[in-house]
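Structure, as structure tokens:
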Amino acid sequence: MIIEIYKRIGETTGDLANRIKKEYNADKVAICGKLDPMARGITTALIGDSTKLMDSHLTTIKTYEFKLVLNIKTDTDDIMGIISHHNKQAINHEYILNCKSKINELCESKTQHFHPFSAIKVRMEHGYNNGERHSLHYWALKGNLKMSDLPTKSVNVFEKEFGNAYSISYNSYHKQIINRLSKVKDHQKEVFRVPLITDSWNSNLVNKTHSSDTLTILPIKMTVSSGFYIRMLSYYLKSYFDIDSHIFDIHRTEINQSF
């Protein structure tokens, strides 16, 4: 059996697989096109003997709707990260146009790095850990990771649409963050650093110069090839153009076999 099921905010791939097993009384489940815990949306799942068809479901075209939040950068490039920068850059029409221009430039590339906080395993070629093989996530937490260490993959952006930028108070945004972080299951909170991340956002709120800030949010919709990492947009914006941002509310709305 092949189904499309909606992955909820806070669910891991394992959580989703267990939910499917329970709902469909299944022994074997394969999830195609995994989503980060804070992402939501349509996901293809193979049940039972259909798990043998996994390879044919790994090259789909996907459509995402998400929000680029300006002026705050986290180490994971989404809300499930510790804040590394929160600047006071004035956001005006020209600044938004510049961000769009840089995103357009990034989307022209046919190659993308794997995100530092991803599960793919690499062997380090430098430092005292030379020769050890661990996930990029592991090396990122160790602080022993450079862009040159990140493997790359071929990607395509087929369609892209910018929505109208809007403002939201930091206090209101903070409440949404804490609410979403609370959806991570208790036994996984330490694994995903939820206490540390929550402290990071709370501490930022306590700072009076930030608690009254107005954040600017740019909605974006993209149709991309399999393997495209939405969070890399924020990673590249900081690395190449010194633009602080992070991604909020990644929502996968569509999956197609071809475009």
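Lettering and numbering for the structure tokens are positional, with chains as A, B, ... in the shown order, residues counted from 1 in each chain, and ligands counted from 1 in the shown order.
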If you count only C-alpha atoms, which residues fall within 8 Å of Met232 in chain A, apart from same-chain ones fewer than 4 positions away, as a list in words? Asp77, Gln112, His113, Phe114, His115 and Tyr236 of chain A
DSSP-assigned strand (DSSP E) among range 54-154 of chain A, expressed as a JSON list (two decimals) with N, CA, C and O atoms, in the first residue's frame:
[["chain", "number", "residue", "atom", "x", "y", "z"],
["A", 61, "ILE", "N", 9.18, 15.57, -7.26],
["A", 61, "ILE", "CA", 9.21, 17.03, -7.24],
["A", 61, "ILE", "C", 8.28, 17.50, -6.13],
["A", 61, "ILE", "O", 7.15, 17.03, -6.02],
["A", 62, "LYS", "N", 8.76, 18.43, -5.32],
["A", 62, "LYS", "CA", 7.98, 18.84, -4.14],
["A", 62, "LYS", "C", 7.78, 20.35, -4.11],
["A", 62, "LYS", "O", 8.66, 21.11, -4.53],
["A", 63, "THR", "N", 6.62, 20.76, -3.60],
["A", 63, "THR", "CA", 6.32, 22.18, -3.43],
["A", 63, "THR", "C", 6.25, 22.50, -1.95],
["A", 63, "THR", "O", 5.60, 21.79, -1.18],
["A", 64, "TYR", "N", 6.95, 23.57, -1.57],
["A", 64, "TYR", "CA", 7.00, 24.00, -0.17],
["A", 64, "TYR", "C", 6.54, 25.45, -0.06],
["A", 64, "TYR", "O", 6.84, 26.29, -0.92],
["A", 65, "GLU", "N", 5.83, 25.74, 1.01],
["A", 65, "GLU", "CA", 5.55, 27.11, 1.40],
["A", 65, "GLU", "C", 6.21, 27.33, 2.76],
["A", 65, "GLU", "O", 6.09, 26.49, 3.66],
["A", 66, "PHE", "N", 6.94, 28.42, 2.89],
["A", 66, "PHE", "CA", 7.67, 28.67, 4.13],
["A", 66, "PHE", "C", 7.87, 30.16, 4.30],
["A", 66, "PHE", "O", 7.56, 30.96, 3.40],
["A", 67, "LYS", "N", 8.42, 30.54, 5.46],
["A", 67, "LYS", "CA", 8.63, 31.95, 5.77],
["A", 67, "LYS", "C", 10.10, 32.19, 6.11],
["A", 67, "LYS", "O", 10.68, 31.46, 6.91],
["A", 68, "LEU", "N", 10.65, 33.22, 5.50],
["A", 68, "LEU", "CA", 12.00, 33.66, 5.80],
["A", 68, "LEU", "C", 11.90, 34.80, 6.81],
["A", 68, "LEU", "O", 11.34, 35.85, 6.51],
["A", 69, "VAL", "N", 12.42, 34.55, 8.02],
["A", 69, "VAL", "CA", 12.37, 35.55, 9.09],
["A", 69, "VAL", "C", 13.71, 36.28, 9.13],
["A", 69, "VAL", "O", 14.76, 35.66, 9.35],
["A", 70, "LEU", "N", 13.68, 37.59, 8.92],
["A", 70, "LEU", "CA", 14.91, 38.36, 8.81],
["A", 70, "LEU", "C", 15.41, 38.85, 10.16],
["A", 70, "LEU", "O", 14.65, 39.05, 11.10],
["A", 72, "ILE", "N", 17.26, 37.45, 12.46],
["A", 72, "ILE", "CA", 17.63, 36.46, 13.48],
["A", 72, "ILE", "C", 18.20, 35.23, 12.79],
["A", 72, "ILE", "O", 17.57, 34.65, 11.91],
["A", 73, "LYS", "N", 19.40, 34.82, 13.22],
["A", 73, "LYS", "CA", 20.07, 33.64, 12.68],
["A", 73, "LYS", "C", 20.21, 32.62, 13.79],
["A", 73, "LYS", "O", 20.57, 32.96, 14.93],
["A", 74, "THR", "N", 19.90, 31.36, 13.50],
["A", 74, "THR", "CA", 20.12, 30.28, 14.46],
["A", 74, "THR", "C", 21.13, 29.29, 13.88],
["A", 74, "THR", "O", 21.39, 29.27, 12.68],
["A", 83, "ILE", "N", 19.95, 30.71, 18.97],
["A", 83, "ILE", "CA", 20.17, 31.99, 18.29],
["A", 83, "ILE", "C", 21.65, 32.35, 18.32],
["A", 83, "ILE", "O", 22.28, 32.40, 19.38],
["A", 84, "SER", "N", 22.21, 32.62, 17.15],
["A", 84, "SER", "CA", 23.61, 33.00, 17.05],
["A", 84, "SER", "C", 23.78, 34.48, 16.73],
["A", 84, "SER", "O", 24.80, 35.08, 17.08],
["A", 85, "HIS", "N", 22.79, 35.08, 16.07],
["A", 85, "HIS", "CA", 22.83, 36.51, 15.76],
["A", 85, "HIS", "C", 21.41, 37.07, 15.80],
["A", 85, "HIS", "O", 20.47, 36.43, 15.35],
["A", 86, "HIS", "N", 21.28, 38.25, 16.37],
["A", 86, "HIS", "CA", 20.03, 39.01, 16.29],
["A", 86, "HIS", "C", 20.44, 40.47, 16.13],
["A", 86, "HIS", "O", 20.82, 41.13, 17.08],
["A", 111, "THR", "N", 23.70, 23.12, -7.78],
["A", 111, "THR", "CA", 24.37, 22.33, -6.74],
["A", 111, "THR", "C", 24.07, 22.93, -5.37],
["A", 111, "THR", "O", 24.03, 24.15, -5.22],
["A", 112, "GLN", "N", 23.87, 22.07, -4.39],
["A", 112, "GLN", "CA", 23.60, 22.53, -3.04],
["A", 112, "GLN", "C", 24.34, 21.65, -2.04],
["A", 112, "GLN", "O", 24.44, 20.44, -2.22],
["A", 113, "HIS", "N", 24.87, 22.27, -0.99],
["A", 113, "HIS", "CA", 25.50, 21.51, 0.09],
["A", 113, "HIS", "C", 24.43, 20.85, 0.96],
["A", 113, "HIS", "O", 23.31, 21.35, 1.06],
["A", 121, "LYS", "N", 26.44, 10.98, 6.85],
["A", 121, "LYS", "CA", 27.70, 10.74, 7.54],
["A", 121, "LYS", "C", 28.89, 11.09, 6.66],
["A", 121, "LYS", "O", 28.90, 10.83, 5.46],
["A", 122, "VAL", "N", 29.91, 11.70, 7.27],
["A", 122, "VAL", "CA", 31.13, 12.06, 6.57],
["A", 122, "VAL", "C", 32.33, 11.71, 7.44],
["A", 122, "VAL", "O", 32.24, 11.62, 8.66],
["A", 123, "ARG", "N", 33.45, 11.53, 6.77],
["A", 123, "ARG", "CA", 34.70, 11.28, 7.48],
["A", 123, "ARG", "C", 35.52, 12.58, 7.46],
["A", 123, "ARG", "O", 35.79, 13.13, 6.40],
["A", 133, "ARG", "N", 34.23, 8.84, 11.33],
["A", 133, "ARG", "CA", 33.06, 9.01, 10.47],
["A", 133, "ARG", "C", 31.82, 9.19, 11.35],
["A", 133, "ARG", "O", 31.47, 8.31, 12.14],
["A", 134, "HIS", "N", 31.17, 10.34, 11.22],
["A", 134, "HIS", "CA", 29.95, 10.63, 11.98],
["A", 134, "HIS", "C", 29.03, 11.47, 11.11],
["A", 134, "HIS", "O", 29.40, 11.94, 10.03],
["A", 135, "SER", "N", 27.81, 11.70, 11.62],
["A", 135, "SER", "CA", 26.86, 12.54, 10.89],
["A", 135, "SER", "C", 27.32, 13.99, 10.90],
["A", 135, "SER", "O", 28.08, 14.42, 11.79],
["A", 152, "THR", "N", 28.02, 17.75, -1.40],
["A", 152, "THR", "CA", 27.07, 18.47, -2.25],
["A", 152, "THR", "C", 26.20, 17.49, -3.03],
["A", 152, "THR", "O", 26.50, 16.30, -3.12],
["A", 153, "LYS", "N", 25.13, 18.01, -3.58],
["A", 153, "LYS", "CA", 24.21, 17.22, -4.40],
["A", 153, "LYS", "C", 23.65, 18.11, -5.49],
["A", 153, "LYS", "O", 23.67, 19.34, -5.39],
["A", 154, "SER", "N", 23.12, 17.49, -6.55],
["A", 154, "SER", "CA", 22.49, 18.22, -7.64],
["A", 154, "SER", "C", 21.05, 18.55, -7.27],
["A", 154, "SER", "O", 20.32, 17.69, -6.77]]
Residues near His251 in chain A, cut-off 12 Å, only C-alpha atoms, skip fewer than 2 positions along chain, as a PyMOL selection string: chain A and resi 6-9+35-43+62-67+219-223+230+247-249+253-255
I'd like the neighbourhood of Val194 in chain A as a VMD selection string, where a residue qualifies if any of its atoms comes within 8 Å (using only C-alpha atoms), though same-chain residues fewer than 5 positions away should be ignored. chain A and resid 80 181 189
